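Colleague: Provided herewith is a single structure, encoded as structure tokens, for subsequent inquiry.
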Amino acid sequence: MNALVPLLVVLPLLGAAIALIAGRHRRAQIVVSIITLSVVCVIAAVLLFAVDNGGVPFAVSVGGWPVPVGIVLYVDRLAALLVVVSSIVLLAVLLFSVGQGAADGDDDTPVSIFHPSYLILAAGIFDAFIAGDLFNLYVGFEILLVASFVLITLGGTESRIRTGVVYIVVSLVSSVLFLSAIAMIYGALGTVNMVQISERMVELPQQTQFVLHVTLLLAFSIKAAVFPLSFWLPDSYPTAPAPVTAVFAGLLTKVGVYAIIRTETQLFQGNDVNFVLMIAALATMIVGVLGAVAQAELKRILSFTLVSHIGYMIFGLAIGTPAAIGATIYYMVHHIVVQTTLFLAVGLVERRAGSTSILRVKGLMRAAPVIAVLYFIPAVNLGGLPPFSGFIGKFALFEAAASVGTPIMIVLIVGGVVTSLLTLYALMRAWNLSFWREEDDSAETEARIEYLGAAPAAAVQTERRMIPRIMTAATAGMVAVTIALTLFAGPLFHLCARIGEALFERVTLVQLEEEVAS
């Protein structure tokens, strides 16, 4: 099984090289991209099944170097689960983009550039999830940065270049902080291997541990869009092409959350910054959802809800119990799938109505009932209505917080409930105005929403375009996955609970060497 681990990164990089060589052959690029992501998904599923049943993670030291000198790729339940979910999302968005490219040509997403960049992005995501040392995690982030900058500026419009520059500057600040932390950790401990760091960290003075801890936390919080470091996200994501926005919203911030989970549970168990994380979680939830309520453009509404729901994950991490970490991981899987699905549905709305402004879009329930269903199901799921996975994940987080029972936990539970209700309000208001409202609705209805006219992008109008069946099918497939998260919530939640418990079990260097040797 260990031989399969490097393929999670090697295959997307090899696929990107082939796609680049086949730049003038669109069909060849499409076939290579689909096969690559499908094979990675199968490999990750096999590894997840094996590691969950065997209970022993898989580890590979690249190049045959002894541990901890070499680059270690490490696949435990958490890494395998996230690679499976990510590959499913990447594959669905790829199919959506294939339909868009077939209908529009290269105007919005130049295919010769898109496919290599997309596979490199996938390689960066997978590399970050299976990195066994901090420097390889940094390399994964940098691969993400390069590929995401290309994707976010596709089409070369003024708005995309402008937001791309903001995105790259913010990402570089995060990268500098991360690299500085790595340098300090190596200088203090003589290693960047996570297992060895966890063993040696207790030898450092508390003040030194605190500085290292805060530096890493700041770097990852920027990438995860934790308030107040989330200012860049709502303006960056909505300007990109629909497939790019969907995959960014679903996956990129979760890589930051994943890095926080890894470092908090493995490297800094003895350092308590949970109260600070609780305050950040509450602020992220409330500020994000208030921003969503004030928006009139669907992509911006979803971008702000994306920020607010990162707060739930930080909330679960701040509770700091195995049950809370398990609930956090379940909610992260739920959010990856549901948020991506919503952005794909909004992409369909934009093509059908020629706008994503809830002030301009009307009557889609009658004109496009399929799109109405594809939006409604993930919207109520994200809003946390029972029996959907959003409700299950939030309830598990609230239950874990209630078991601690401190006053700040009660405040966070109340904040989480309010955020959920306001999320449902923002998404259902958009549903009511865009789908239920008819063209001949009364002036009274228009007057009630007039206050949204000053919101950003409220008056944006684009060209109406045909919707290829593959785009609808890809979105419908993702909706089916969101439903599956509810239907199979029991097995998935128990898997996440096992992950939460395993993350608090320290892995020794001897165990890592044995896993590599096996």
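All residue names refer to the structure tokens as shown: chains lettered A, B, ... in order, residues numbered from 1 in each chain, ligands numbered from 1 in order.
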Considering only alpha helix (DSSP H) as DSSP defines it on the backbone, what residues of stretch 128-302 of chain A qualify? List them as JSON, numbers by chain.
Modeller: {"A": [128, 129, 130, 134, 135, 136, 137, 138, 139, 140, 141, 142, 143, 144, 145, 146, 147, 148, 149, 150, 151, 152, 158, 159, 160, 161, 162, 163, 164, 165, 166, 167, 168, 169, 170, 171, 172, 173, 174, 175, 176, 177, 178, 179, 180, 181, 182, 183, 184, 185, 186, 187, 188, 189, 194, 195, 196, 197, 198, 199, 200, 206, 207, 208, 209, 210, 211, 212, 213, 214, 215, 216, 217, 218, 219, 220, 221, 222, 223, 224, 233, 234, 235, 236, 242, 243, 244, 245, 246, 247, 253, 254, 255, 256, 257, 258, 259, 260, 261, 262, 274, 275, 276, 277, 278, 279, 280, 281, 282, 283, 284, 285, 286, 287, 288, 289, 290, 291, 292, 293, 298, 299, 300, 301, 302]}
Colleague: Mind checking which residues fall within 6 Å of stretch 318-332 of chain A, counting only C-alpha atoms, ignoring those fewer than 6 positions away in the same chain, and posting them as a list in words?
Modeller: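 Counting only C-alpha atoms, the residues come to Asn274, Leu277, Met278, Gly393, Ala396, Leu397, Ala400, Cys496, Ala497, Gly500 and Glu501 of chain A.
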Colleague: Each residue of stretch 276-352 of chain A with at least one atom at most 8 Å from stretch 80-85 of chain A should appear once, together with its nearest atom pair and the corresponding distance in Å (one decimal); atoms considered: only C-alpha atoms; ordering: chain, then increasing residue number; output as a tab-separated table.
Modeller:
```
residue	atom	partner	partner_atom	distance
A:Val333	CA	A:Val85	CA	7.0
A:Ile336	CA	A:Val85	CA	7.9
A:Val337	CA	A:Val85	CA	7.7
```
Colleague: When you look at stretch 231-236 of chain A with a cut-off of 10 Å (counting only C-alpha atoms), what residues show up, excluding the ones that are within fewer than 6 positions of it in the same chain? I need them as a ChimeraX atom specification.
Modeller: /A:152,159-167,169-171,222-225,245,249,253,288,291-292,299-307,456
Colleague: Pull C-alpha atoms from the residues just selected and write them as a compact mmCIF listing (two decimals), in the first residue's frame.
Modeller:
```txt
# COMPACT_ATOMS: atom_id res chain seq x y z
CA ILE A 152 -8.15 33.32 -10.63
CA SER A 159 -11.35 42.97 -12.22
CA ARG A 160 -9.72 39.54 -12.24
CA ILE A 161 -6.21 40.96 -12.49
CA ARG A 162 -6.94 43.40 -9.67
CA THR A 163 -8.37 40.79 -7.33
CA GLY A 164 -5.63 38.38 -8.38
CA VAL A 165 -2.99 40.87 -7.26
CA VAL A 166 -4.71 41.26 -3.88
CA TYR A 167 -4.95 37.48 -3.56
CA VAL A 169 -0.09 39.66 -2.00
CA VAL A 170 -2.11 38.27 0.90
CA SER A 171 -0.97 34.74 0.09
CA ILE A 222 -4.82 33.92 6.61
CA LYS A 223 -5.14 30.93 4.30
CA ALA A 224 -8.24 29.70 6.14
CA ALA A 225 -9.85 33.20 6.08
CA THR A 245 -14.78 30.04 -7.80
CA ALA A 249 -14.57 28.10 -2.17
CA THR A 253 -9.67 27.61 2.75
CA GLY A 288 -19.20 36.74 8.01
CA GLY A 291 -21.76 40.49 5.54
CA ALA A 292 -23.82 37.88 3.68
CA LYS A 299 -21.51 34.97 -5.36
CA ARG A 300 -20.77 37.57 -2.72
CA ILE A 301 -23.48 36.16 -0.46
CA LEU A 302 -21.88 32.74 -0.73
CA SER A 303 -18.39 34.17 -0.22
CA PHE A 304 -19.44 35.76 3.06
CA THR A 305 -21.22 32.58 4.19
CA LEU A 306 -18.00 30.75 3.36
CA VAL A 307 -16.16 32.99 5.81
CA PRO A 456 -21.49 45.76 -4.40
```
Colleague: Using only C-alpha atoms, find the one residue out of A:Ile88, A:Ala45, A:Ala19, A:Val404 that sits nearest to A:Thr341.
Modeller: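 Among A:Ile88, A:Ala45, A:Ala19, A:Val404, it is A:Ile88 that comes nearest to A:Thr341.
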Colleague: Contacts of A:Phe376 at 9 Å or less, counting only C-alpha atoms, minus same-chain residues fewer than 3 places along, as a PDB file with N, CA and C atoms, in the first residue's frame?
Modeller:
```
ATOM      1  N   LEU A 342     -23.163  24.824  -4.133  1.00  0.00           N
ATOM      2  CA  LEU A 342     -23.887  26.093  -4.226  1.00  0.00           C
ATOM      3  C   LEU A 342     -23.264  27.016  -5.269  1.00  0.00           C
ATOM      4  N   ILE A 371     -32.817  24.054 -12.018  1.00  0.00           N
ATOM      5  CA  ILE A 371     -31.836  24.893 -11.321  1.00  0.00           C
ATOM      6  C   ILE A 371     -32.367  25.282  -9.949  1.00  0.00           C
ATOM      7  N   ALA A 372     -33.661  25.517  -9.859  1.00  0.00           N
ATOM      8  CA  ALA A 372     -34.264  25.867  -8.567  1.00  0.00           C
ATOM      9  C   ALA A 372     -34.025  24.772  -7.533  1.00  0.00           C
ATOM     10  N   VAL A 373     -34.217  23.521  -7.935  1.00  0.00           N
ATOM     11  CA  VAL A 373     -33.991  22.395  -7.025  1.00  0.00           C
ATOM     12  C   VAL A 373     -32.511  22.259  -6.684  1.00  0.00           C
ATOM     13  N   ALA A 379     -28.740  24.811  -0.299  1.00  0.00           N
ATOM     14  CA  ALA A 379     -28.961  26.039   0.477  1.00  0.00           C
ATOM     15  C   ALA A 379     -29.551  25.722   1.850  1.00  0.00           C
ATOM     16  N   VAL A 380     -30.578  24.875   1.897  1.00  0.00           N
ATOM     17  CA  VAL A 380     -31.160  24.525   3.192  1.00  0.00           C
ATOM     18  C   VAL A 380     -30.200  23.651   3.994  1.00  0.00           C
ATOM     19  N   ASN A 381     -29.354  22.903   3.282  1.00  0.00           N
ATOM     20  CA  ASN A 381     -28.340  22.100   3.966  1.00  0.00           C
ATOM     21  C   ASN A 381     -27.331  23.008   4.655  1.00  0.00           C
ATOM     22  N   LEU A 427     -29.802  32.968   2.404  1.00  0.00           N
ATOM     23  CA  LEU A 427     -29.934  32.079   1.257  1.00  0.00           C
ATOM     24  C   LEU A 427     -31.384  31.947   0.808  1.00  0.00           C
ATOM     25  N   MET A 428     -32.310  31.930   1.758  1.00  0.00           N
ATOM     26  CA  MET A 428     -33.721  31.815   1.397  1.00  0.00           C
ATOM     27  C   MET A 428     -34.283  33.129   0.861  1.00  0.00           C
ATOM     28  N   TRP A 431     -33.325  32.928  -2.596  1.00  0.00           N
ATOM     29  CA  TRP A 431     -34.233  31.984  -3.249  1.00  0.00           C
ATOM     30  C   TRP A 431     -35.577  32.640  -3.569  1.00  0.00           C
TER      31      TRP A 431
END
```
Colleague: Can you tell me, as a PyMOL selection string, what residues are no more than 9 Å from A:Leu251 when counting only C-alpha atoms, ignoring any on the same chain fewer than 2 positions away?
Modeller: chain A and resi 86+89-90+125+246-249+253-255+336-337+340
Colleague: How would the residues just picked look written out with N, CA and C atoms as a CSV table (one decimal), in the first residue's frame?
Modeller:
```csv
chain,number,residue,atom,x,y,z
A,86,SER,N,-11.8,15.7,-1.8
A,86,SER,CA,-11.2,16.7,-2.7
A,86,SER,C,-11.2,16.2,-4.1
A,89,VAL,N,-14.7,16.4,-5.5
A,89,VAL,CA,-15.1,17.8,-5.8
A,89,VAL,C,-14.3,18.3,-7.1
A,90,LEU,N,-13.1,18.0,-7.1
A,90,LEU,CA,-12.3,18.5,-8.3
A,90,LEU,C,-12.8,17.8,-9.6
A,125,ILE,N,-3.0,20.6,-3.5
A,125,ILE,CA,-4.0,20.2,-2.4
A,125,ILE,C,-3.6,18.9,-1.8
A,246,ALA,N,-15.9,27.9,-7.6
A,246,ALA,CA,-16.5,26.7,-6.9
A,246,ALA,C,-15.4,25.9,-6.2
A,247,VAL,N,-14.3,25.7,-6.9
A,247,VAL,CA,-13.2,24.8,-6.3
A,247,VAL,C,-12.4,25.6,-5.3
A,248,PHE,N,-12.3,26.9,-5.5
A,248,PHE,CA,-11.6,27.7,-4.5
A,248,PHE,C,-12.4,27.7,-3.2
A,249,ALA,N,-13.7,28.0,-3.3
A,249,ALA,CA,-14.6,28.1,-2.2
A,249,ALA,C,-14.6,26.8,-1.4
A,253,THR,N,-9.7,27.2,1.3
A,253,THR,CA,-9.7,27.6,2.7
A,253,THR,C,-9.6,26.4,3.7
A,254,LYS,N,-10.1,25.2,3.2
A,254,LYS,CA,-10.0,24.0,4.0
A,254,LYS,C,-8.6,23.5,4.2
A,255,VAL,N,-7.8,23.8,3.2
A,255,VAL,CA,-6.4,23.4,3.4
A,255,VAL,C,-5.8,24.2,4.6
A,336,ILE,N,-17.1,21.4,2.4
A,336,ILE,CA,-16.4,21.3,1.1
A,336,ILE,C,-17.4,21.0,0.0
A,337,VAL,N,-18.2,20.0,0.3
A,337,VAL,CA,-19.2,19.5,-0.7
A,337,VAL,C,-20.3,20.5,-1.0
A,340,THR,N,-19.2,24.0,-2.5
A,340,THR,CA,-18.9,23.9,-3.9
A,340,THR,C,-20.1,23.7,-4.8
```
Colleague: Between A:Phe435, A:Tyr425, A:Tyr118, A:Tyr138, single out the one closest to A:Val346, counting only C-alpha atoms.
Modeller: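 The shortest atom-to-atom distance to A:Val346 comes from A:Phe435.
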Colleague: Using only C-alpha atoms, which of the listed residues (A:Ala16, A:Ala50, A:Leu359, A:Ala281) sits closest to A:Ile113?
Modeller: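 The closest residue to A:Ile113 is A:Ala16.
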Colleague: When distances are computed from only C-alpha atoms, which of A:Gln269, A:Ser355, A:Thr486, A:Gln339 shows the smallest separation from A:Leu317?
Modeller: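 Between A:Gln269, A:Ser355, A:Thr486, A:Gln339, the residue approaching A:Leu317 most closely is A:Gln269.
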Colleague: Could you check which of A:Pro241, A:Pro369, A:Pro378, A:Pro407 is closest to A:Asp104, using only C-alpha atoms?
Modeller: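 Ranked by minimum distance to A:Asp104, first place goes to A:Pro241.
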